[in-house]
$ cat input-v4.pdb   # PDB, C-alpha atoms
ATOM      1  CA  MET A  11      40.674 -95.261 -25.246  1.00  0.00           C
ATOM      2  CA  ARG A  12      42.871 -92.457 -24.122  1.00  0.00           C
ATOM      3  CA  ARG A  13      39.884 -90.340 -23.130  1.00  0.00           C
ATOM      4  CA  VAL A  14      38.429 -93.153 -21.037  1.00  0.00           C
ATOM      5  CA  VAL A  15      41.684 -93.523 -19.086  1.00  0.00           C
ATOM      6  CA  LEU A  16      41.797 -89.752 -18.464  1.00  0.00           C
ATOM      7  CA  ALA A  17      38.133 -89.693 -17.383  1.00  0.00           C
ATOM      8  CA  VAL A  18      38.590 -92.604 -14.968  1.00  0.00           C
ATOM      9  CA  THR A  19      41.819 -91.106 -13.559  1.00  0.00           C
ATOM     10  CA  GLY A  20      40.170 -87.720 -13.117  1.00  0.00           C
ATOM     11  CA  THR A  21      37.172 -89.267 -11.395  1.00  0.00           C
ATOM     12  CA  ILE A  22      39.376 -91.244  -8.991  1.00  0.00           C
ATOM     13  CA  ALA A  23      41.489 -88.172  -8.206  1.00  0.00           C
ATOM     14  CA  GLY A  24      38.337 -86.141  -7.534  1.00  0.00           C
ATOM     15  CA  LEU A  25      36.900 -88.811  -5.235  1.00  0.00           C
ATOM     16  CA  VAL A  26      40.159 -89.074  -3.295  1.00  0.00           C
ATOM     17  CA  ALA A  27      40.265 -85.298  -2.848  1.00  0.00           C
ATOM     18  CA  LEU A  28      36.613 -85.218  -1.789  1.00  0.00           C
ATOM     19  CA  LEU A  29      36.955 -88.053   0.720  1.00  0.00           C
ATOM     20  CA  SER A  30      40.125 -86.635   2.253  1.00  0.00           C
ATOM     21  CA  PHE A  31      38.551 -83.196   2.821  1.00  0.00           C
ATOM     22  CA  LYS A  32      38.047 -82.441   6.519  1.00  0.00           C
ATOM     23  CA  SER A  33      35.642 -79.664   7.313  1.00  0.00           C
ATOM     24  CA  HIS A  34      36.086 -77.770  10.542  1.00  0.00           C
ATOM     25  CA  SER A  35      33.349 -77.511  13.128  1.00  0.00           C
ATOM     26  CA  PRO A  36      33.104 -74.048  14.615  1.00  0.00           C
ATOM     27  CA  SER A  37      33.211 -74.446  18.345  1.00  0.00           C
ATOM     28  CA  VAL A  38      31.388 -71.906  20.436  1.00  0.00           C
ATOM     29  CA  PRO A  39      31.561 -72.770  24.114  1.00  0.00           C
ATOM     30  CA  VAL A  40      28.379 -72.398  26.075  1.00  0.00           C
ATOM     31  CA  ALA A  41      28.856 -71.582  29.706  1.00  0.00           C
ATOM     32  CA  ALA A  42      26.539 -73.052  32.286  1.00  0.00           C
ATOM     33  CA  THR A  43      26.007 -71.089  35.446  1.00  0.00           C
ATOM     34  CA  PRO A  44      24.694 -72.723  38.558  1.00  0.00           C
ATOM     35  CA  GLY A  45      21.762 -71.820  40.691  1.00  0.00           C
ATOM     36  CA  THR A  46      19.619 -68.818  41.151  1.00  0.00           C
ATOM     37  CA  ALA A  47      20.344 -65.380  42.403  1.00  0.00           C
ATOM     38  CA  GLY A  48      19.355 -63.906  45.728  1.00  0.00           C
ATOM     39  CA  GLY A  49      16.467 -61.544  46.198  1.00  0.00           C
ATOM     40  CA  SER A  50      12.867 -62.135  45.242  1.00  0.00           C
ATOM     41  CA  SER A  51      12.163 -64.071  42.124  1.00  0.00           C
ATOM     42  CA  SER A  52       9.010 -65.519  40.654  1.00  0.00           C
ATOM     43  CA  SER A  53      10.572 -68.791  39.551  1.00  0.00           C
ATOM     44  CA  SER A  54      13.900 -70.520  39.820  1.00  0.00           C
ATOM     45  CA  SER A  55      16.150 -72.607  37.662  1.00  0.00           C
ATOM     46  CA  SER A  56      18.632 -75.204  38.874  1.00  0.00           C
ATOM     47  CA  SER A  57      21.076 -74.422  36.086  1.00  0.00           C
ATOM     48  CA  ALA A  58      21.096 -71.766  33.428  1.00  0.00           C
ATOM     49  CA  THR A  59      22.548 -71.713  29.979  1.00  0.00           C
ATOM     50  CA  THR A  60      24.030 -68.417  28.927  1.00  0.00           C
ATOM     51  CA  VAL A  61      25.521 -66.751  25.931  1.00  0.00           C
ATOM     52  CA  PRO A  62      29.333 -66.996  26.122  1.00  0.00           C
ATOM     53  CA  GLY A  63      30.946 -64.040  27.810  1.00  0.00           C
ATOM     54  CA  GLU A  64      28.395 -61.390  28.565  1.00  0.00           C
ATOM     55  CA  PHE A  65      25.173 -62.855  29.865  1.00  0.00           C
ATOM     56  CA  ARG A  66      25.265 -64.772  33.081  1.00  0.00           C
ATOM     57  CA  SER A  67      22.851 -65.362  35.868  1.00  0.00           C
ATOM     58  CA  VAL A  68      22.785 -62.397  38.205  1.00  0.00           C
ATOM     59  CA  ALA A  69      24.543 -64.338  40.944  1.00  0.00           C
ATOM     60  CA  GLY A  70      26.276 -63.125  44.021  1.00  0.00           C
ATOM     61  CA  PRO A  71      25.439 -60.312  46.361  1.00  0.00           C
ATOM     62  CA  LEU A  72      23.180 -57.537  45.176  1.00  0.00           C
ATOM     63  CA  THR A  73      23.750 -53.966  46.191  1.00  0.00           C
ATOM     64  CA  GLN A  74      21.399 -52.280  48.649  1.00  0.00           C
ATOM     65  CA  GLY A  75      17.919 -51.864  47.235  1.00  0.00           C
ATOM     66  CA  GLU A  76      18.379 -54.251  44.295  1.00  0.00           C
ATOM     67  CA  THR A  77      16.036 -57.181  43.783  1.00  0.00           C
ATOM     68  CA  THR A  78      15.902 -59.851  41.121  1.00  0.00           C
ATOM     69  CA  ILE A  79      12.834 -60.807  39.172  1.00  0.00           C
ATOM     70  CA  THR A  80      12.864 -63.952  37.086  1.00  0.00           C
ATOM     71  CA  GLY A  81      10.452 -64.098  34.173  1.00  0.00           C
ATOM     72  CA  LYS A  82       8.516 -67.169  33.145  1.00  0.00           C
ATOM     73  CA  VAL A  83      10.013 -69.298  30.413  1.00  0.00           C
ATOM     74  CA  GLY A  84       9.077 -68.107  26.936  1.00  0.00           C
ATOM     75  CA  HIS A  85       8.695 -71.186  24.762  1.00  0.00           C
ATOM     76  CA  THR A  86       9.781 -70.930  21.122  1.00  0.00           C
ATOM     77  CA  VAL A  87       9.966 -73.519  18.348  1.00  0.00           C
ATOM     78  CA  TYR A  88      13.753 -73.602  18.854  1.00  0.00           C
ATOM     79  CA  GLY A  89      13.774 -73.851  22.635  1.00  0.00           C
ATOM     80  CA  PRO A  90      13.102 -71.953  25.851  1.00  0.00           C
ATOM     81  CA  VAL A  91      14.068 -68.342  26.564  1.00  0.00           C
ATOM     82  CA  GLN A  92      14.080 -66.984  30.106  1.00  0.00           C
ATOM     83  CA  VAL A  93      15.277 -63.657  31.460  1.00  0.00           C
ATOM     84  CA  GLN A  94      16.108 -62.321  34.890  1.00  0.00           C
ATOM     85  CA  LEU A  95      15.960 -58.638  35.770  1.00  0.00           C
ATOM     86  CA  VAL A  96      17.766 -56.707  38.460  1.00  0.00           C
ATOM     87  CA  VAL A  97      15.581 -53.836  39.578  1.00  0.00           C
ATOM     88  CA  LYS A  98      16.598 -50.924  41.765  1.00  0.00           C
ATOM     89  CA  SER A  99      14.145 -48.179  42.746  1.00  0.00           C
ATOM     90  CA  GLY A 100      11.657 -49.377  40.131  1.00  0.00           C
ATOM     91  CA  GLU A 101      14.215 -49.186  37.323  1.00  0.00           C
ATOM     92  CA  ILE A 102      15.694 -52.111  35.370  1.00  0.00           C
ATOM     93  CA  VAL A 103      19.462 -51.940  35.864  1.00  0.00           C
ATOM     94  CA  LYS A 104      20.554 -55.357  34.556  1.00  0.00           C
ATOM     95  CA  VAL A 105      19.145 -58.117  32.378  1.00  0.00           C
ATOM     96  CA  ALA A 106      20.469 -61.674  32.381  1.00  0.00           C
ATOM     97  CA  ILE A 107      19.617 -64.504  30.002  1.00  0.00           C
ATOM     98  CA  LEU A 108      18.981 -67.630  32.077  1.00  0.00           C
ATOM     99  CA  GLU A 109      17.870 -69.921  29.261  1.00  0.00           C
ATOM    100  CA  GLN A 110      18.201 -69.756  25.520  1.00  0.00           C
ATOM    101  CA  PRO A 111      17.971 -72.168  22.591  1.00  0.00           C
ATOM    102  CA  THR A 112      21.266 -74.063  22.301  1.00  0.00           C
ATOM    103  CA  ASN A 113      20.396 -77.069  20.140  1.00  0.00           C
ATOM    104  CA  THR A 114      22.638 -76.003  17.260  1.00  0.00           C
ATOM    105  CA  ILE A 115      25.518 -73.645  16.591  1.00  0.00           C
ATOM    106  CA  HIS A 116      23.056 -71.543  14.600  1.00  0.00           C
ATOM    107  CA  ASP A 117      20.835 -71.130  17.698  1.00  0.00           C
ATOM    108  CA  ILE A 118      23.836 -69.896  19.693  1.00  0.00           C
ATOM    109  CA  GLN A 119      24.895 -67.503  16.931  1.00  0.00           C
ATOM    110  CA  ILE A 120      21.393 -66.036  16.767  1.00  0.00           C
ATOM    111  CA  GLY A 121      21.460 -65.542  20.540  1.00  0.00           C
ATOM    112  CA  GLU A 122      24.864 -63.844  20.386  1.00  0.00           C
ATOM    113  CA  PHE A 123      23.470 -61.505  17.743  1.00  0.00           C
ATOM    114  CA  ALA A 124      20.006 -60.840  19.178  1.00  0.00           C
ATOM    115  CA  PHE A 125      20.362 -60.717  22.963  1.00  0.00           C
ATOM    116  CA  PRO A 126      22.681 -57.678  23.171  1.00  0.00           C
ATOM    117  CA  LYS A 127      20.213 -55.705  21.042  1.00  0.00           C
ATOM    118  CA  LEU A 128      17.204 -56.898  23.028  1.00  0.00           C
ATOM    119  CA  ILE A 129      18.894 -56.126  26.344  1.00  0.00           C
ATOM    120  CA  GLY A 130      19.937 -52.677  25.138  1.00  0.00           C
ATOM    121  CA  GLU A 131      16.368 -51.911  24.073  1.00  0.00           C
ATOM    122  CA  THR A 132      15.038 -53.192  27.399  1.00  0.00           C
ATOM    123  CA  LEU A 133      17.357 -50.957  29.403  1.00  0.00           C
ATOM    124  CA  ALA A 134      16.482 -47.965  27.214  1.00  0.00           C
ATOM    125  CA  ALA A 135      12.696 -48.540  27.201  1.00  0.00           C
ATOM    126  CA  GLN A 136      12.436 -49.732  30.834  1.00  0.00           C
ATOM    127  CA  SER A 137       9.522 -51.907  29.742  1.00  0.00           C
ATOM    128  CA  ALA A 138       8.678 -54.920  27.602  1.00  0.00           C
ATOM    129  CA  LYS A 139       7.494 -52.721  24.736  1.00  0.00           C
ATOM    130  CA  ILE A 140      10.515 -53.283  22.530  1.00  0.00           C
ATOM    131  CA  ASP A 141      11.041 -54.211  18.905  1.00  0.00           C
ATOM    132  CA  ALA A 142      11.986 -57.722  17.815  1.00  0.00           C
ATOM    133  CA  VAL A 143      15.385 -58.249  16.206  1.00  0.00           C
ATOM    134  CA  SER A 144      15.215 -58.918  12.481  1.00  0.00           C
ATOM    135  CA  GLY A 145      16.454 -62.428  11.731  1.00  0.00           C
ATOM    136  CA  ALA A 146      15.703 -63.593  15.266  1.00  0.00           C
ATOM    137  CA  SER A 147      11.922 -63.344  15.344  1.00  0.00           C
ATOM    138  CA  TYR A 148      11.245 -66.471  17.411  1.00  0.00           C
ATOM    139  CA  THR A 149      14.045 -65.769  19.879  1.00  0.00           C
ATOM    140  CA  SER A 150      12.844 -62.166  20.214  1.00  0.00           C
ATOM    141  CA  ALA A 151       9.269 -63.330  20.834  1.00  0.00           C
ATOM    142  CA  GLY A 152      10.424 -65.708  23.581  1.00  0.00           C
ATOM    143  CA  TYR A 153      12.582 -62.984  25.147  1.00  0.00           C
ATOM    144  CA  ILE A 154       9.735 -60.455  25.080  1.00  0.00           C
ATOM    145  CA  ALA A 155       7.277 -62.984  26.573  1.00  0.00           C
ATOM    146  CA  SER A 156       9.654 -63.763  29.459  1.00  0.00           C
ATOM    147  CA  LEU A 157      10.454 -60.075  29.907  1.00  0.00           C
ATOM    148  CA  GLN A 158       6.755 -59.183  30.024  1.00  0.00           C
ATOM    149  CA  SER A 159       6.093 -61.769  32.732  1.00  0.00           C
ATOM    150  CA  ALA A 160       8.976 -60.370  34.800  1.00  0.00           C
ATOM    151  CA  VAL A 161       7.780 -56.784  34.317  1.00  0.00           C
ATOM    152  CA  ASP A 162       4.215 -57.788  35.243  1.00  0.00           C
ATOM    153  CA  HIS A 163       5.468 -59.476  38.385  1.00  0.00           C
ATOM    154  CA  GLY A 164       7.828 -56.838  39.686  1.00  0.00           C
ATOM    155  CA  LEU A 165       7.569 -53.355  38.216  1.00  0.00           C
TER
END

$ encode --input "input-v4.pdb" --output "structure tokens"
Amino acid sequence: MRRVVLAVTGTIAGLVALLSFKSHSPSVPVAATPGTAGGSSSSSSSSATTVPGEFRSVAGPLTQGETTITGKVGHTVYGPVQVQLVVKSGEIVKVAILEQPTNTIHDIQIGEFAFPKLIGETLAAQSAKIDAVSGASYTSAGYIASLQSAVDHGL
């Protein structure tokens, strides 16, 4: 009888502890940037979703000789990826992420991890012949597809 009372009490205490547990939701803000940039572009977007902090639409005035080229949307199973290039004298000087998958926190985390590497490789290679980022295969494929369309259109 004593064991039954202890088992029931332990079960109730465990259920109370489990039900009172509050998990935290990591909040990663996603900035939305309006409009399109000046210069010549192959397509436009009325609003763009960007990775927090670093990657924004190339908005505002461009310096002399700079033009923007917007790639076509690269469709992935997790969502669209679209890039915009700033080109000066035939050289890629900036890359902006206009669209990226943002359905889940995991999508945003993958973007925060993959896009800096992809952009760095793009600026180093000055072409769309870059390696995909391990762990972000679909996102990399969408980025490379959009990048290739921009390179085909403007370089």

$ closest_residue --input "input-v4.pdb" --among "A:Glu122, A:Asp162, A:Glu101, A:Asp117" --to "A:Val87" --atoms "only C-alpha atoms"
A:Asp117

$ resolve_selection --input "input-v4.pdb" --expression "the PyMOL selection byres ((chain A and resi 154) around 10)" --output "list of chain:residue names"
A:Gly81, A:Gly84, A:Val91, A:Gln92, A:Val93, A:Leu128, A:Thr132, A:Ser137, A:Ala138, A:Lys139, A:Ile140, A:Asp141, A:Ala142, A:Tyr148, A:Thr149, A:Ser150, A:Ala151, A:Gly152, A:Tyr153, A:Ala155, A:Ser156, A:Leu157, A:Gln158, A:Ser159, A:Ala160

$ atom_distance --input "input-v4.pdb" --atom1 "atom CA of A:Gly89" --atom2 "atom CA of A:Thr77"
27.0 Å

$ atom_distance --input "input-v4.pdb" --atom1 "atom CA of A:Leu133" --atom2 "atom CA of A:Ile102"
6.3 Å

$ residues_near_point --input "input-v4.pdb" --point "(16.2, -74.4, 28.7)" --cutoff "6 Å" --atoms "only C-alpha atoms" --output "ChimeraX atom specification"
/A:90,109-110

$ resolve_selection --input "input-v4.pdb" --expression "the PyMOL selection byres ((chain A and resi 121) around 9)" --output "list in words"
Val61, Gln110, Pro111, Thr112, His116, Asp117, Ile118, Gln119, Ile120, Glu122, Phe123, Ala124, Phe125, Pro126, Ala146 and Thr149 of chain A

$ closest_residue --input "input-v4.pdb" --among "A:Leu108, A:Glu131, A:Ser99, A:Met11" --to "A:Lys82" --atoms "only C-alpha atoms"
A:Leu108
